[in-house]
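Peer 1: Here's a structure for you.
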Amino acid sequence: MNWTGMPEDLTPTSIEAVLERLSEKAETLPRRLKQCADYVAANPDRVAVSTVAELSQAAGVQPSAFMRFCQELGFSGFSQMQKVFRSDHASRWPDYRTRLAALHEHGTESPFALLAEFVEVGRMSLENLMTSVDPAALEEAVTRLAAVRTIHLVGFRRAFPVTSYFSYAFAKMQVPAILHSGLGGMDACDTIRPGDAVIAVSFAPYTERTIEIAGEAKARGADVIAITDLVTSPLVRLGAIPLLVTELDVGAFRALSASLSVAIVLAVAVGAAREKEK
């Protein structure tokens with residue numbers, strides 16, 4: 001049994017099991033816990049990427065009530081419940097075979113039609129930048145990056161082309177930068193020093209190693225600038241300077257049009273600012 005008194009094998013292990021448990025208990029929950037249940041049932045994706053404080057505020061209850069709600073469902077606490085939601089959240093992002101099938105269903109079969117689709121979603125993603133990126137945050141990011149000794153570039157999986165571009169651009173402008181690639185299982189995290197800065201790039205479902213490195217960098221006194229998608233992103237919750245980017249998709253294939261545009265702007269602005277200081 002877990003410490004809630006419920007057998008371990010009865011602790012929900014999927015979102016569906018959590019929602020089924022909510023359905024069973026809906027009529028017997030106290031009012032505050034019922035508010036938690038209603039919010040979680042209506043917003044399961046938020047549980048994967050939010051803190052207990054954010055969820056309790058959204059549900060209109062105290063964090064202590066939300067913790068009691070988690071225990072009522074059979075979890076030891078919020079962290080255990082969130083792991084279930086995060087696991088399901090990540091697994092629900094379709095694999096590439098599913099994405100290709102979605103393209104077929106979408107009717108985007110000819111290469112030129114596919115090009116037209118990606119051009120359109122790229123255009124819309126770029127237009128969204130004008131409202132998603134906070135000008136003050138962008139200004140602060142450039143100021144911090146222009147002043148630091150070394151810039152560390154962290155982004156894996158889909159985000160890796162963005163950090164690779166940064167590495168190329170900074171090298172051309174003679175801006176000291178280290179690309180954390182994870183190549184060969186090698187970890188360059190120990191090279192991050194106080195007075196450095198990290199550009200961390202990650203989008204839902206977030207890459208755990210990117211979040212870990214950004215957290216370690218923050219703890220060491222380095223600045224963290226995040227290129228990410230949501231205000232509830234784990235990178236934003238770490239206290240990073242957020243540059244929010246939303247990429248639209250075609251059949252669940254997300255382009256990098258907006259993300260690379262932010263990277264180009266940031267790299268050029270930082271290079272120009274450093275040159276001006278010289």
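Lettering and numbering for the structure tokens are positional, with chains as A, B, ... in the shown order, residues counted from 1 in each chain, and ligands counted from 1 in the shown order.
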Show me, as a PyMOL selection string, the residues that have an atom within 8 Å of Thr143 of chain A when counting only C-alpha atoms, minus same-chain residues fewer than 3 positions from it.
Peer 2: chain A and resi 139-140+146-147+270+273
Peer 1: Using Å and a single decimal, report how far atom CA of Met130 of chain A sits from atom CA of Met173 of chain A.
Peer 2: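 Calculated distance between atom CA of Met173 of chain A and atom CA of Met130 of chain A is 26.4 Å.
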Peer 1: So that I can check the surroundings of segment 54-66 of chain A, please list as a PyMOL selection string every protein, DNA and RNA residue that reaches within 12 Å of it, counting only C-alpha atoms and ignoring chain neighbours fewer than 3 positions away.
Peer 2: chain A and resi 29-51+69-73+75+77-79+81-82+231-233+237
Peer 1: Next, dump the selected residues to file, keeping only N, CA and C atoms, as an mmCIF file, in the first residue's frame.
Peer 2:
data_model
loop_
_atom_site.group_PDB
_atom_site.id
_atom_site.type_symbol
_atom_site.label_atom_id
_atom_site.label_comp_id
_atom_site.auth_asym_id
_atom_site.auth_seq_id
_atom_site.Cartn_x
_atom_site.Cartn_y
_atom_site.Cartn_z
ATOM 1 N N LEU A 29 -17.188 13.953 -3.292
ATOM 2 C CA LEU A 29 -16.107 14.873 -2.963
ATOM 3 C C LEU A 29 -16.630 16.138 -2.290
ATOM 4 N N PRO A 30 -15.916 16.669 -1.293
ATOM 5 C CA PRO A 30 -16.265 17.974 -0.729
ATOM 6 C C PRO A 30 -16.189 19.052 -1.816
ATOM 7 N N ARG A 31 -16.814 20.198 -1.548
ATOM 8 C CA ARG A 31 -16.951 21.232 -2.576
ATOM 9 C C ARG A 31 -15.614 21.661 -3.163
ATOM 10 N N ARG A 32 -14.625 21.931 -2.316
ATOM 11 C CA ARG A 32 -13.328 22.395 -2.815
ATOM 12 C C ARG A 32 -12.638 21.335 -3.675
ATOM 13 N N LEU A 33 -12.723 20.091 -3.245
ATOM 14 C CA LEU A 33 -12.104 19.019 -4.024
ATOM 15 C C LEU A 33 -12.869 18.792 -5.325
ATOM 16 N N LYS A 34 -14.165 19.050 -5.288
ATOM 17 C CA LYS A 34 -14.975 18.943 -6.516
ATOM 18 C C LYS A 34 -14.536 20.002 -7.527
ATOM 19 N N GLN A 35 -14.161 21.191 -7.037
ATOM 20 C CA GLN A 35 -13.642 22.225 -7.936
ATOM 21 C C GLN A 35 -12.353 21.757 -8.607
ATOM 22 N N CYS A 36 -11.505 21.104 -7.828
ATOM 23 C CA CYS A 36 -10.259 20.541 -8.394
ATOM 24 C C CYS A 36 -10.583 19.497 -9.460
ATOM 25 N N ALA A 37 -11.528 18.620 -9.140
ATOM 26 C CA ALA A 37 -11.898 17.546 -10.069
ATOM 27 C C ALA A 37 -12.451 18.112 -11.368
ATOM 28 N N ASP A 38 -13.300 19.120 -11.259
ATOM 29 C CA ASP A 38 -13.893 19.725 -12.459
ATOM 30 C C ASP A 38 -12.822 20.359 -13.334
ATOM 31 N N TYR A 39 -11.852 21.024 -12.684
ATOM 32 C CA TYR A 39 -10.809 21.695 -13.474
ATOM 33 C C TYR A 39 -9.907 20.671 -14.166
ATOM 34 N N VAL A 40 -9.492 19.637 -13.438
ATOM 35 C CA VAL A 40 -8.610 18.619 -14.023
ATOM 36 C C VAL A 40 -9.313 17.887 -15.165
ATOM 37 N N ALA A 41 -10.581 17.578 -14.982
ATOM 38 C CA ALA A 41 -11.330 16.871 -16.026
ATOM 39 C C ALA A 41 -11.440 17.707 -17.295
ATOM 40 N N ALA A 42 -11.559 19.028 -17.116
ATOM 41 C CA ALA A 42 -11.717 19.917 -18.274
ATOM 42 C C ALA A 42 -10.381 20.319 -18.887
ATOM 43 N N ASN A 43 -9.274 20.213 -18.118
ATOM 44 C CA ASN A 43 -7.974 20.697 -18.597
ATOM 45 C C ASN A 43 -6.844 19.707 -18.291
ATOM 46 N N PRO A 44 -6.940 18.467 -18.743
ATOM 47 C CA PRO A 44 -5.894 17.487 -18.402
ATOM 48 C C PRO A 44 -4.506 17.875 -18.903
ATOM 49 N N ASP A 45 -4.423 18.569 -20.047
ATOM 50 C CA ASP A 45 -3.113 18.953 -20.577
ATOM 51 C C ASP A 45 -2.389 19.929 -19.659
ATOM 52 N N ARG A 46 -3.141 20.745 -18.918
ATOM 53 C CA ARG A 46 -2.531 21.736 -18.030
ATOM 54 C C ARG A 46 -1.810 21.068 -16.863
ATOM 55 N N VAL A 47 -2.306 19.896 -16.446
ATOM 56 C CA VAL A 47 -1.697 19.208 -15.299
ATOM 57 C C VAL A 47 -0.259 18.816 -15.621
ATOM 58 N N ALA A 48 0.004 18.452 -16.869
ATOM 59 C CA ALA A 48 1.342 17.995 -17.265
ATOM 60 C C ALA A 48 2.378 19.111 -17.219
ATOM 61 N N VAL A 49 1.958 20.370 -17.394
ATOM 62 C CA VAL A 49 2.934 21.454 -17.570
ATOM 63 C C VAL A 49 2.799 22.573 -16.544
ATOM 64 N N SER A 50 1.949 22.395 -15.521
ATOM 65 C CA SER A 50 1.703 23.461 -14.548
ATOM 66 C C SER A 50 2.167 23.062 -13.155
ATOM 67 N N THR A 51 2.380 24.061 -12.307
ATOM 68 C CA THR A 51 2.706 23.801 -10.911
ATOM 69 C C THR A 51 1.414 23.630 -10.124
ATOM 70 N N PHE A 69 -6.750 16.711 -2.810
ATOM 71 C CA PHE A 69 -7.427 16.139 -3.971
ATOM 72 C C PHE A 69 -6.573 15.029 -4.592
ATOM 73 N N CYS A 70 -5.263 15.276 -4.755
ATOM 74 C CA CYS A 70 -4.358 14.262 -5.315
ATOM 75 C C CYS A 70 -4.368 13.000 -4.454
ATOM 76 N N GLN A 71 -4.331 13.189 -3.146
ATOM 77 C CA GLN A 71 -4.334 12.045 -2.224
ATOM 78 C C GLN A 71 -5.664 11.303 -2.266
ATOM 79 N N GLU A 72 -6.747 12.031 -2.476
ATOM 80 C CA GLU A 72 -8.069 11.412 -2.577
ATOM 81 C C GLU A 72 -8.135 10.465 -3.771
ATOM 82 N N LEU A 73 -7.356 10.790 -4.813
ATOM 83 C CA LEU A 73 -7.338 9.938 -6.013
ATOM 84 C C LEU A 73 -6.430 8.723 -5.846
ATOM 85 N N PHE A 75 -2.951 9.090 -4.997
ATOM 86 C CA PHE A 75 -1.548 9.442 -5.186
ATOM 87 C C PHE A 75 -0.940 9.881 -3.860
ATOM 88 N N GLY A 77 1.000 12.379 -3.629
ATOM 89 C CA GLY A 77 1.017 13.837 -3.691
ATOM 90 C C GLY A 77 0.925 14.298 -5.131
ATOM 91 N N PHE A 78 1.106 15.594 -5.340
ATOM 92 C CA PHE A 78 0.953 16.163 -6.676
ATOM 93 C C PHE A 78 2.002 15.632 -7.651
ATOM 94 N N SER A 79 3.248 15.490 -7.200
ATOM 95 C CA SER A 79 4.320 15.053 -8.100
ATOM 96 C C SER A 79 4.022 13.700 -8.726
ATOM 97 N N MET A 81 1.049 12.359 -9.218
ATOM 98 C CA MET A 81 -0.037 12.498 -10.186
ATOM 99 C C MET A 81 0.463 13.160 -11.459
ATOM 100 N N GLN A 82 1.312 14.181 -11.334
ATOM 101 C CA GLN A 82 1.800 14.891 -12.515
ATOM 102 C C GLN A 82 2.626 13.976 -13.419
ATOM 103 N N VAL A 231 3.574 29.864 -21.512
ATOM 104 C CA VAL A 231 3.940 30.505 -20.240
ATOM 105 C C VAL A 231 4.034 29.466 -19.127
ATOM 106 N N THR A 232 3.441 28.295 -19.328
ATOM 107 C CA THR A 232 3.515 27.218 -18.341
ATOM 108 C C THR A 232 4.682 26.269 -18.614
ATOM 109 N N SER A 233 5.524 26.590 -19.593
ATOM 110 C CA SER A 233 6.691 25.765 -19.901
ATOM 111 C C SER A 233 7.577 25.636 -18.662
ATOM 112 N N ARG A 237 9.051 28.482 -15.752
ATOM 113 C CA ARG A 237 8.903 28.339 -14.312
ATOM 114 C C ARG A 237 10.263 28.363 -13.591
#
Peer 1: Pick out the residues sitting within 7 Å of Gly155 of chain A, and hand them over as a PDB file with N, CA, C and O atoms, in the first residue's frame; count only C-alpha atoms, and ignore anything fewer than 5 positions along from it in its own chain.
Peer 2:
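Listing of out07.pdb after writing:
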ATOM      1  N   PHE A 160      17.175  21.055 -31.778  1.00  0.00           N
ATOM      2  CA  PHE A 160      18.608  21.050 -32.054  1.00  0.00           C
ATOM      3  C   PHE A 160      18.996  21.913 -33.267  1.00  0.00           C
ATOM      4  O   PHE A 160      20.043  22.586 -33.228  1.00  0.00           O
ATOM      5  N   THR A 163      19.568  25.527 -31.951  1.00  0.00           N
ATOM      6  CA  THR A 163      20.821  25.774 -31.232  1.00  0.00           C
ATOM      7  C   THR A 163      22.029  25.600 -32.160  1.00  0.00           C
ATOM      8  O   THR A 163      23.044  26.282 -31.993  1.00  0.00           O
ATOM      9  N   ALA A 200      18.242  28.169 -23.796  1.00  0.00           N
ATOM     10  CA  ALA A 200      17.616  26.841 -23.749  1.00  0.00           C
ATOM     11  C   ALA A 200      16.396  26.841 -24.662  1.00  0.00           C
ATOM     12  O   ALA A 200      15.545  27.733 -24.570  1.00  0.00           O
ATOM     13  N   VAL A 201      16.319  25.849 -25.534  1.00  0.00           N
ATOM     14  CA  VAL A 201      15.226  25.767 -26.501  1.00  0.00           C
ATOM     15  C   VAL A 201      14.494  24.442 -26.313  1.00  0.00           C
ATOM     16  O   VAL A 201      15.098  23.374 -26.418  1.00  0.00           O
ATOM     17  N   SER A 202      13.191  24.523 -26.021  1.00  0.00           N
ATOM     18  CA  SER A 202      12.410  23.294 -25.860  1.00  0.00           C
ATOM     19  C   SER A 202      10.932  23.606 -26.006  1.00  0.00           C
ATOM     20  O   SER A 202      10.463  24.665 -25.570  1.00  0.00           O
ATOM     21  N   THR A 210      17.094  19.128 -21.348  1.00  0.00           N
ATOM     22  CA  THR A 210      17.171  20.581 -21.526  1.00  0.00           C
ATOM     23  C   THR A 210      16.740  21.299 -20.257  1.00  0.00           C
ATOM     24  O   THR A 210      17.391  22.253 -19.811  1.00  0.00           O
TER      25      THR A 210
END
Peer 1: Please list as a PyMOL selection string every residue within 7 Å of Ile241 of chain A, counting only C-alpha atoms and excluding residues in the same chain fewer than 5 positions away.
Peer 2: chain A and resi 137+141+224-226
Peer 1: Produce a file of the selected residues containing N, CA, C and O atoms, as a CSV table (one decimal), in the first residue's frame.
Peer 2:
chain,number,residue,atom,x,y,z
A,137,ALA,N,11.1,41.5,-23.0
A,137,ALA,CA,11.9,40.3,-22.8
A,137,ALA,C,12.9,40.1,-23.8
A,137,ALA,O,14.1,39.7,-23.5
A,141,ALA,N,16.9,40.0,-23.0
A,141,ALA,CA,17.7,38.8,-23.5
A,141,ALA,C,18.9,39.3,-24.2
A,141,ALA,O,20.0,38.8,-24.0
A,224,VAL,N,19.5,32.5,-17.8
A,224,VAL,CA,18.9,31.6,-18.7
A,224,VAL,C,17.8,32.3,-19.6
A,224,VAL,O,17.0,33.0,-19.1
A,225,ILE,N,18.0,32.1,-20.9
A,225,ILE,CA,17.0,32.7,-21.9
A,225,ILE,C,16.3,31.5,-22.5
A,225,ILE,O,17.0,30.6,-23.0
A,226,ALA,N,15.0,31.5,-22.5
A,226,ALA,CA,14.3,30.3,-23.0
A,226,ALA,C,13.5,30.7,-24.3
A,226,ALA,O,12.8,31.7,-24.3
Peer 1: Mind listing the alpha helix (DSSP H) residues of segment 84-256 of chain A, per DSSP on the backbone, as a PyMOL selection string?
Peer 2: chain A and resi 84-91+96-106+111-132+135-147+160-172+208-219+234-237
Peer 1: Record the distance separating atom CA of Val198 of chain A and atom CA of Thr246 of chain A, expressed in Å with one decimal.
Peer 2: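 Going from atom CA of Val198 of chain A over to atom CA of Thr246 of chain A covers 20.7 Å.
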Peer 1: Going by DSSP on the backbone, which bits of segment 1-195 of chain A are strand (DSSP E)? Write them as a PyMOL selection string, please.
Peer 2: chain A and resi 151-154+177-180
Peer 1: Quote the spacing between atom CA of Ser259 of chain A and atom CA of Val133 of chain A in Å to one decimal place.
Peer 2: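 Atom CA of Ser259 of chain A sits 11.0 Å away from atom CA of Val133 of chain A.
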Peer 1: Find the spatial neighbours of Arg157 of chain A, counting only C-alpha atoms, within a cut-off of 12 Å - ignore same-chain residues fewer than 6 positions away - and output them as a PyMOL selection string.
Peer 2: chain A and resi 163-164+181-182+201-210
Peer 1: For those residues, write all heavy atoms to a file as a CSV table (one decimal), in the first residue's frame.
Peer 2:
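Saved as part01.csv:
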chain,number,residue,atom,x,y,z
A,163,THR,N,19.6,25.5,-32.0
A,163,THR,CA,20.8,25.8,-31.2
A,163,THR,C,22.0,25.6,-32.2
A,163,THR,O,23.0,26.3,-32.0
A,163,THR,CB,21.0,24.8,-30.0
A,163,THR,OG1,20.7,23.5,-30.4
A,163,THR,CG2,19.9,25.2,-28.9
A,164,SER,N,21.9,24.7,-33.2
A,164,SER,CA,23.0,24.6,-34.1
A,164,SER,C,23.2,25.9,-34.9
A,164,SER,O,24.3,26.3,-35.2
A,164,SER,CB,22.7,23.4,-35.1
A,164,SER,OG,22.6,22.2,-34.4
A,181,SER,N,25.6,19.3,-27.3
A,181,SER,CA,24.9,18.4,-28.2
A,181,SER,C,24.6,17.1,-27.6
A,181,SER,O,23.8,16.3,-28.2
A,181,SER,CB,25.8,18.2,-29.5
A,181,SER,OG,27.0,17.5,-29.1
A,182,GLY,N,25.3,16.7,-26.6
A,182,GLY,CA,25.1,15.3,-26.0
A,182,GLY,C,25.7,14.3,-26.9
A,182,GLY,O,25.5,13.1,-26.7
A,201,VAL,N,16.3,25.8,-25.5
A,201,VAL,CA,15.2,25.8,-26.5
A,201,VAL,C,14.5,24.4,-26.3
A,201,VAL,O,15.1,23.4,-26.4
A,201,VAL,CB,15.8,25.9,-28.0
A,201,VAL,CG1,14.6,26.0,-28.9
A,201,VAL,CG2,16.7,27.1,-28.1
A,202,SER,N,13.2,24.5,-26.0
A,202,SER,CA,12.4,23.3,-25.9
A,202,SER,C,10.9,23.6,-26.0
A,202,SER,O,10.5,24.7,-25.6
A,202,SER,CB,12.7,22.7,-24.5
A,202,SER,OG,12.1,21.4,-24.4
A,203,PHE,N,10.2,22.7,-26.6
A,203,PHE,CA,8.8,22.8,-26.9
A,203,PHE,C,8.1,21.6,-26.4
A,203,PHE,O,8.7,20.5,-26.3
A,203,PHE,CB,8.5,23.0,-28.3
A,203,PHE,CG,9.3,24.1,-29.0
A,203,PHE,CD1,10.5,23.8,-29.7
A,203,PHE,CD2,9.0,25.4,-28.9
A,203,PHE,CE1,11.3,24.8,-30.3
A,203,PHE,CE2,9.8,26.4,-29.4
A,203,PHE,CZ,10.9,26.1,-30.1
A,204,ALA,N,6.8,21.7,-26.0
A,204,ALA,CA,6.0,20.5,-25.6
A,204,ALA,C,6.0,19.5,-26.7
A,204,ALA,O,5.8,19.8,-27.8
A,204,ALA,CB,4.6,21.0,-25.2
A,205,PRO,N,6.2,18.2,-26.3
A,205,PRO,CA,6.5,17.7,-25.0
A,205,PRO,C,8.0,17.9,-24.7
A,205,PRO,O,8.9,17.6,-25.4
A,205,PRO,CB,6.2,16.2,-25.1
A,205,PRO,CG,6.4,15.8,-26.5
A,205,PRO,CD,6.0,17.1,-27.3
A,206,TYR,N,8.3,18.6,-23.6
A,206,TYR,CA,9.6,19.2,-23.3
A,206,TYR,C,10.6,18.1,-23.1
A,206,TYR,O,10.4,17.0,-22.5
A,206,TYR,CB,9.5,20.1,-22.0
A,206,TYR,CG,8.4,21.1,-22.2
A,206,TYR,CD1,7.2,21.0,-21.6
A,206,TYR,CD2,8.6,22.2,-23.0
A,206,TYR,CE1,6.2,21.9,-21.8
A,206,TYR,CE2,7.6,23.2,-23.2
A,206,TYR,CZ,6.4,23.0,-22.6
A,206,TYR,OH,5.4,23.9,-22.8
A,207,THR,N,11.9,18.4,-23.5
A,207,THR,CA,13.0,17.5,-23.4
A,207,THR,C,13.5,17.6,-21.9
A,207,THR,O,14.0,18.7,-21.6
A,207,THR,CB,14.1,17.7,-24.4
A,207,THR,OG1,13.5,17.7,-25.7
A,207,THR,CG2,15.2,16.7,-24.3
A,208,GLU,N,13.5,16.5,-21.2
A,208,GLU,CA,13.9,16.6,-19.8
A,208,GLU,C,15.3,17.1,-19.6
A,208,GLU,O,15.6,17.8,-18.7
A,208,GLU,CB,13.7,15.2,-19.2
A,208,GLU,CG,13.7,15.2,-17.6
A,208,GLU,CD,12.6,15.9,-17.0
A,208,GLU,OE1,11.5,15.9,-17.6
A,208,GLU,OE2,12.7,16.6,-16.0
A,209,ARG,N,16.2,16.6,-20.4
A,209,ARG,CA,17.6,17.0,-20.2
A,209,ARG,C,17.8,18.5,-20.4
A,209,ARG,O,18.6,19.1,-19.7
A,209,ARG,CB,18.6,16.3,-21.2
A,209,ARG,CG,20.0,16.5,-20.9
A,209,ARG,CD,20.4,16.1,-19.5
A,209,ARG,NE,21.8,16.5,-19.1
A,209,ARG,CZ,22.1,16.9,-17.9
A,209,ARG,NH1,21.3,17.1,-17.0
A,209,ARG,NH2,23.4,17.2,-17.7
A,210,THR,N,17.1,19.1,-21.3
A,210,THR,CA,17.2,20.6,-21.5
A,210,THR,C,16.7,21.3,-20.3
A,210,THR,O,17.4,22.3,-19.8
A,210,THR,CB,16.3,21.0,-22.7
A,210,THR,OG1,16.7,20.4,-23.9
A,210,THR,CG2,16.3,22.5,-22.9
Peer 1: Using only C-alpha atoms, find the one residue out of A:Ala267, A:Leu179, A:Cys189, A:Ala53 that sits nearest to Val154 of chain A.
Peer 2: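 Once distances to Val154 of chain A are computed over only C-alpha atoms, the minimum belongs to A:Leu179.
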Peer 1: Using only C-alpha atoms, pick whichever of A:Val262, A:Pro234, A:Ala197, A:Thr150 has the shortest atom-to-atom distance to Ile211 of chain A.
Peer 2: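 Going through A:Val262, A:Pro234, A:Ala197, A:Thr150 one by one, the smallest distance to Ile211 of chain A is for A:Pro234.
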